[in-house]
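To start, the structure under review is shown below, and the notes come after it.
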Amino acid sequence: MAIVAQQTKLSKILWPVLAWAVALIIFFPIAYMVMTSFKTDADAVKPELLFTFTPTLENYANMTENYDYWRFASNSIITSVAATLFTLFVAIPCAYAMAFTPSRGTKDILMWMLSTKMLPAAAVLYPMIYMTKAAGLYDTHFLIIMVLSLINLPIVIWMLFTYFKDIPKDIIEAAKMDGVNTWGEVREVLIPLAWGGIASTALLCFIFCWNEAYWTVRLTTTEAATLSKLIEGNRAPEGLFFGRLSAVSTAAVGPIVVLGWFCQKQLVQGLTFGAVK
Amino acid sequence: MANRTVPRLLQTPAVVLLLFWMLVPLSMTLFFSFIRYVLNNLRRPEWTSPSIENWRGFGNYQYVWNQDSFWLAIQNSLIIVCGILFLTVAFGIAIAILINRNFPGRGIVRVMLISPFFVMPAVNAVLWINMLLDPVLGLQGIAVAGINDIISGLREAPLVGGFFSLWPEFSPISFRGAQASSYAVIMMVTWQWTPFAVLIFMTSLQSEDQQQKEAAVLDGASAWNQFRFLTLPHLGRPIAIVVMIQAIFHLSLYAEIEIVSRGSGNKNLPYYIGELVNNNIGAASATGIFAVILANIVAIFLLRMIGKTLME
Amino acid sequence: MGRIVLENVQKTFGEAEVIPPLDLTIEDGEFAVFVGPSGCGKSTLLRLIAGLEEVTSGAIKIDGADVTQVPPSKRGLAMVFQSYALYPHMTVRKNIGFPLRMAKMEQAEIDAKVEQAASVLNLKDYLDRKPGQLSGGQRQRVAIGRAIVREPEAFLFDEPLSNLDAALRVGMRMEISELHNKLNTTMIYVTHDQVEAMTMANKIVVLQAGVIEQVGSPLELYRTPRNRFVAGFIGSPKMNFIDGDAAEKLGGHSVGIRPEHIDVVEGGLWQGRVGVAEHLGSDTFFHVHDTGLAETITVRAIGDVSLRHGDTIGLSPRMDELHRFDAKGLRI
Ligand SMILES: Nc1ncnc2c1ncn2[C@@H]1O[C@H](COP(=O)(O)OP(=O)(O)O)[C@@H](O)[C@H]1O
Ligand SMILES: [Mg+2]
């Protein structure tokens, strides 16, 4: 190939070195955080112990005591899981209908749904506080679940729609000729074919719920407070507590970053609404 | 078959939920923006509950419009968004091209590069402002102190000592207050969103026509010209999409601003609204409507573009 | 049994009338081919028969029973799609057995029928593979297998060969024809390729813009095309058309003559210069210019005639093979 022939020996060595260097620099803050989480608070701020230190699990062991980590974590898990399930429950039938029986208005409905995502949250902050306090929903799991569902619903519908749309119509028609009913069509053909798409959509939705940091901070105090709220509450320049702060941060993002590695590809499709292939 | 009832029924829950989500709070904001409504006012207790009696017309809008802090907040919003956009696109293209070739360990490099995107914004901000940028205890402080140590050591040295004694002592920057807080926000968000740009540009690069490139090589195009005349135009559309999607997200940045400066630094529009909500609901609502208008300007362009590819 | 009758069937998509009302009868056991340029409504007509599209007006009858309102799976028809439409998550065995499973047939019976279909179609060795692991021709056979096991009243094919390469296409053409001979079931086959139509059909239905231009056996269409469109569409290379004064002299508003009905002679009615000469060995095609006619004339000569580019050539059309058309393009 001509392009390969163009590469000089030098660039063959330099290129990977450069790529690795960039990757290491970008990954460094995360690595640094993880590293610090294994240092004692005292060691964490000593420059001479930057890379050489005696690892300790103390910070993780004391996470509950220091930060009440599990209370926030369980709130995060409950709200994110429930919101993801509810979102899928509402979104799957909707995306299915839009993809397989599109009408003239389908495109407009989709665009409108997306436009709700673009509404700045701050603009409706006070009405949300006002209404939820009046209804006694402020700082409840139910409220956070609903809000997380609503803000993710457009993206989830979009992602599912693009997956469903990619299923050849011929296959659905062949199934019709072969005598399936609507339920059979969903169970025998649609779900097996769209399974990968549904799973990665769910994963991405979960990640977005977990990381959400506006409504979860502004609409909770203690009962339904999530990890975002926990971290946000400990934002003070706690130089003396870098070790424990790193541990709780690592515990808050670790699982999600790992989940994220598994849905990189879907991320592109999901966040660009299928406009970049 | 031609029965439209079932599809409609399937779409109804989603549509109703989103309709509620969009209309109810927003119309309340609209209403509040036209009345005098404050949470605490001892002199005028009647203003502390939302009522049509307290109609103020465009008074809140006028009030907000004449506030310097409102314009400052818009300016900061734009500076932050534009800064992030410029940096993420530039870094994104460079890195995407860098890792678009095959080299040993490419898979791991990709995983490392994408990771920041999944870090929750609150952790991102805490991590950067404390552990990386803190002027004393963060890496910045440590690095600056280290450099100063080295320089002061060199001052003692023979020959070059005279030269280095002319150098000033470096002082670390505090990113928690004033203008520097914007830079801190730009830095941390750029770090988080560059992976997103990389991922999208890489996806797009993979669909670039290789034969076209080979033809260009045969035509004698240099590497730079290939980039300039083939790759960059090919990336035009992804760039536009990255810019607009990020604009939507970053116009509503909140957690990062809050954590970095707690209001003592630069505020953007959402943060400004958040502060007004503590007392002056009328003004907060009017500002909110301005924010909606600003977001819509961006949204229209984005929706147009996405709409074109929708039904393909 | 599988006698399919369309009565006054019409189809519109919104404003656009894709199929103006038409009548058509396909007899039991016939191999009917719908042929026409792409976009003329062949697939739509087939899908109307299948029940995948709803007729706007008119009635469809199968063996005398009105099936216009009957859902696709209840019409007793099987369809083979251009894209094969195999279920990618099922093995070949499951794919072929799927319609039977949907019909709630006993598993043992399904297995037996699948085995039988697989042996007819040479698929025995592939039964446990997924469609992704098969070649184009094999996928095509699986799609046919899925149709066969249902023992339908009629088979519907929508351009089933257009995704195959040329050599495979010829082979599959034969296989489908043989299948028809063996099963003797009605088949309706859609294609835009007139060679497929000519080689496979008992009955060809030529469509243009949703209108049936002519129905007949391949040779009927070849010998007595009802109008200029059919004349030009059937036969390869295409029929030559002559207009204007030259045509008037031969007795029509326009006159058609097939390339194989022009003899290369000394002198002759027209003299011209050879443009492109295509030497195929068995035949030679000459594209002849400067004959005094407005059009380039294509001639087919048997064997390898050694005339080259630029040579002068004399042409003599066989007068009894001329097709004369009036001003409306209808056969005189
Ligand atoms: N679902 C549909 N909606 C609107 N127009 C359609 C639809 N299906 C087909 N058409 C139109 O009907 C005409 C005939 O299409 P088709 O039957 O697919 O042609 P072909 O002869 O190539 O198979 C085309 O012009 C096509 O655009
Ligand atoms: Mg067709």
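In the structure tokens, each chain is lettered A, B, ... as it comes, each chain's residues begin at 1, and ligands are numbered from 1 in order of appearance.
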
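Omitting Gln133 (chain C) and its sequence neighbours fewer than 4 positions away, and counting only C-alpha atoms, the residues within 12 Å are C:Pro88, C:His89, C:Met90, C:Thr91, C:Val92, C:Tyr126, C:Leu127, C:Asp128, C:Arg129, C:Gly137, C:Gln138, C:Arg139.
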
Using only C-alpha atoms, tabulate the residues of chain C lying at most 10 Å from any atom of chain B, each with its closest atom pair and that distance in Å to one decimal, by chain and increasing residue number, as JSON lines.
{"residue": "C:Gly51", "atom": "CA", "partner": "B:Met1", "partner_atom": "CA", "distance": 9.6}
{"residue": "C:Leu52", "atom": "CA", "partner": "B:Met1", "partner_atom": "CA", "distance": 8.3}
{"residue": "C:Glu53", "atom": "CA", "partner": "B:Met1", "partner_atom": "CA", "distance": 8.0}
{"residue": "C:Glu54", "atom": "CA", "partner": "B:Ala2", "partner_atom": "CA", "distance": 7.7}
{"residue": "C:Pro71", "atom": "CA", "partner": "B:Met1", "partner_atom": "CA", "distance": 8.8}

How would you report the residues lying within 12 Å of ligand 2, as an mmCIF file with N, CA and C atoms, in the first residue's frame, if you count only C-alpha atoms and all ligand atoms?
data_model
loop_
_atom_site.group_PDB
_atom_site.id
_atom_site.type_symbol
_atom_site.label_atom_id
_atom_site.label_comp_id
_atom_site.auth_asym_id
_atom_site.auth_seq_id
_atom_site.Cartn_x
_atom_site.Cartn_y
_atom_site.Cartn_z
ATOM 1 N N PHE C 34 -43.073 -11.300 -13.703
ATOM 2 C CA PHE C 34 -43.350 -9.871 -13.876
ATOM 3 C C PHE C 34 -42.043 -9.211 -14.255
ATOM 4 N N VAL C 35 -42.029 -8.567 -15.404
ATOM 5 C CA VAL C 35 -40.790 -7.934 -15.831
ATOM 6 C C VAL C 35 -41.076 -6.499 -16.236
ATOM 7 N N GLY C 36 -40.097 -5.656 -16.035
ATOM 8 C CA GLY C 36 -40.259 -4.251 -16.394
ATOM 9 C C GLY C 36 -39.096 -3.474 -15.823
ATOM 10 N N PRO C 37 -38.924 -2.235 -16.275
ATOM 11 C CA PRO C 37 -37.808 -1.441 -15.761
ATOM 12 C C PRO C 37 -37.972 -1.196 -14.262
ATOM 13 N N SER C 38 -36.896 -0.884 -13.583
ATOM 14 C CA SER C 38 -37.022 -0.778 -12.134
ATOM 15 C C SER C 38 -37.832 0.464 -11.765
ATOM 16 N N GLY C 39 -38.621 0.337 -10.718
ATOM 17 C CA GLY C 39 -39.517 1.405 -10.305
ATOM 18 C C GLY C 39 -40.884 1.342 -10.969
ATOM 19 N N CYS C 40 -41.142 0.288 -11.760
ATOM 20 C CA CYS C 40 -42.402 0.247 -12.498
ATOM 21 C C CYS C 40 -43.525 -0.369 -11.674
ATOM 22 N N GLY C 41 -43.229 -0.878 -10.476
ATOM 23 C CA GLY C 41 -44.307 -1.374 -9.627
ATOM 24 C C GLY C 41 -44.378 -2.888 -9.538
ATOM 25 N N LYS C 42 -43.344 -3.600 -10.007
ATOM 26 C CA LYS C 42 -43.364 -5.069 -9.944
ATOM 27 C C LYS C 42 -43.410 -5.555 -8.504
ATOM 28 N N SER C 43 -42.498 -5.029 -7.686
ATOM 29 C CA SER C 43 -42.461 -5.476 -6.290
ATOM 30 C C SER C 43 -43.767 -5.141 -5.597
ATOM 31 N N THR C 44 -44.272 -3.962 -5.869
ATOM 32 C CA THR C 44 -45.520 -3.556 -5.230
ATOM 33 C C THR C 44 -46.628 -4.545 -5.575
ATOM 34 N N LEU C 45 -46.709 -4.926 -6.848
ATOM 35 C CA LEU C 45 -47.744 -5.863 -7.278
ATOM 36 C C LEU C 45 -47.578 -7.205 -6.545
ATOM 37 N N LEU C 46 -46.337 -7.638 -6.438
ATOM 38 C CA LEU C 46 -46.074 -8.908 -5.763
ATOM 39 C C LEU C 46 -46.454 -8.827 -4.286
ATOM 40 N N ARG C 47 -46.116 -7.694 -3.683
ATOM 41 C CA ARG C 47 -46.411 -7.531 -2.257
ATOM 42 C C ARG C 47 -47.908 -7.397 -2.001
ATOM 43 N N PHE C 81 -37.214 -13.326 -0.661
ATOM 44 C CA PHE C 81 -36.889 -11.909 -0.811
ATOM 45 C C PHE C 81 -35.550 -11.720 -1.510
ATOM 46 N N GLN C 82 -35.407 -10.552 -2.089
ATOM 47 C CA GLN C 82 -34.156 -10.197 -2.765
ATOM 48 C C GLN C 82 -32.977 -10.255 -1.797
ATOM 49 N N SER C 83 -33.197 -9.805 -0.574
ATOM 50 C CA SER C 83 -32.125 -9.816 0.430
ATOM 51 C C SER C 83 -32.089 -11.145 1.178
ATOM 52 N N PHE C 157 -41.358 -14.784 -5.763
ATOM 53 C CA PHE C 157 -39.930 -14.440 -5.750
ATOM 54 C C PHE C 157 -39.777 -12.976 -6.124
ATOM 55 N N ASP C 158 -39.053 -12.219 -5.314
ATOM 56 C CA ASP C 158 -38.787 -10.819 -5.683
ATOM 57 C C ASP C 158 -37.305 -10.655 -6.019
ATOM 58 N N GLU C 159 -37.003 -10.602 -7.276
ATOM 59 C CA GLU C 159 -35.620 -10.469 -7.764
ATOM 60 C C GLU C 159 -34.656 -11.331 -6.956
ATOM 61 N N PRO C 160 -34.874 -12.610 -6.889
ATOM 62 C CA PRO C 160 -34.081 -13.438 -5.965
ATOM 63 C C PRO C 160 -32.629 -13.581 -6.401
ATOM 64 N N SER C 162 -30.687 -11.180 -7.955
ATOM 65 C CA SER C 162 -29.949 -9.965 -8.308
ATOM 66 C C SER C 162 -28.753 -9.710 -7.396
ATOM 67 N N TYR C 189 -42.634 -14.610 -10.266
ATOM 68 C CA TYR C 189 -41.230 -14.258 -10.193
ATOM 69 C C TYR C 189 -41.061 -12.847 -10.730
ATOM 70 N N VAL C 190 -40.453 -11.990 -9.923
ATOM 71 C CA VAL C 190 -40.275 -10.602 -10.333
ATOM 72 C C VAL C 190 -38.827 -10.374 -10.728
ATOM 73 N N THR C 191 -38.615 -9.729 -11.848
ATOM 74 C CA THR C 191 -37.247 -9.410 -12.258
ATOM 75 C C THR C 191 -37.264 -8.206 -13.186
ATOM 76 N N HIS C 192 -36.106 -7.521 -13.254
ATOM 77 C CA HIS C 192 -36.028 -6.454 -14.258
ATOM 78 C C HIS C 192 -35.209 -6.935 -15.456
ATOM 79 N N ASP C 193 -34.779 -8.213 -15.381
ATOM 80 C CA ASP C 193 -33.877 -8.752 -16.385
ATOM 81 C C ASP C 193 -34.682 -9.587 -17.385
#

What are the residues of chain A lining chain C at 8 Å or less? Count only C-alpha atoms, and put the answer as a PyMOL selection string. chain A and resi 168+170-171+173-180+189+192-193

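Take the candidates C:Gln208, C:Ile96, C:Pro131, C:Leu24 and check each one against ligand 1 using only C-alpha atoms and all ligand atoms; the shortest distance goes to C:Gln208.
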
7 Å contact set for Leu219 (chain A), only C-alpha atoms, chain neighbours under 2 positions out, as JSON, numbers by chain: {"A": [129, 138, 139, 215, 216, 217]}

With a cut-off of 7 Å and counting only C-alpha atoms, select all residues of chain B in contact with chain A and give the selection as a PyMOL selection string. chain B and resi 7+10-11+13-14+18+22+25-26+28-29+98-99+103+109+111-113+115+118-123+126+130+137+142+199-200+203-204+214+217+238+241+248+252+254-255+259+270+273-274+277+285+288-289+291-292+295+299+303+306+309

Neighbouring residues of Arg226 (chain C) were defined as those with any atom within 10 Å, considering only C-alpha atoms; residues of the same chain fewer than 4 positions away were excluded. Please report them as a VMD selection string. chain C and resid 213 to 215 220 to 222 230 to 231 323 325 329 to 332

Among region 194-250 of chain C, which ones does DSSP assign to helix (DSSP H, G or I) (computed from the backbone)? Answer as an MDAnalysis selection string. chainID C and resid 194:200 218:223 228:233 244:250

Calculate how many Å separate CA of Thr190 (chain B) from CA of Leu148 (chain A), rounding to one decimal. 24.6 Å

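The space between CA of Leu219 (chain C) and CA of Asn163 (chain C) spans 27.5 Å.
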
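Computed from the coordinates, the CA of Ser33 (chain B) to CA of Leu137 (chain A) distance equals 24.1 Å.
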
Considering only C-alpha atoms, return as a PyMOL selection string whatever protein or nucleic-acid residues lie within 12 Å of region 45-58 of chain B, sequence-local ones (same chain, fewer than 2 positions apart) excluded. (chain A and resi 126-127+130) or (chain B and resi 28-43+60-65+279-283+285-287+289)

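Proximity to ligand 1 was assessed for C:Glu196, C:Val33, C:Arg93, C:Leu207 counting only C-alpha atoms and all ligand atoms; the smallest distance is recorded for C:Leu207.
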
Contacts of region 74-89 of chain B at 8 Å or less, counting only C-alpha atoms, minus same-chain residues fewer than 3 places along, as a list of chain:residue names? B:Phe70, B:Trp71, B:Gly92, B:Ile93, B:Ser182, B:Tyr183, B:Val185, B:Ile186, B:Met187, B:Val189, B:Thr190, B:Trp193, B:Thr194, B:Ala197, B:Ile239, B:Val242, B:Val243, B:Gln246, B:Ala247, B:His250, B:Leu251, B:Asn266, B:Lys267, B:Asn268, B:Leu269

Pick the closest to Ala247 (chain C) from C:Ile176, C:Leu322, C:Val149, C:Leu134: which is it, counting only C-alpha atoms? C:Leu322
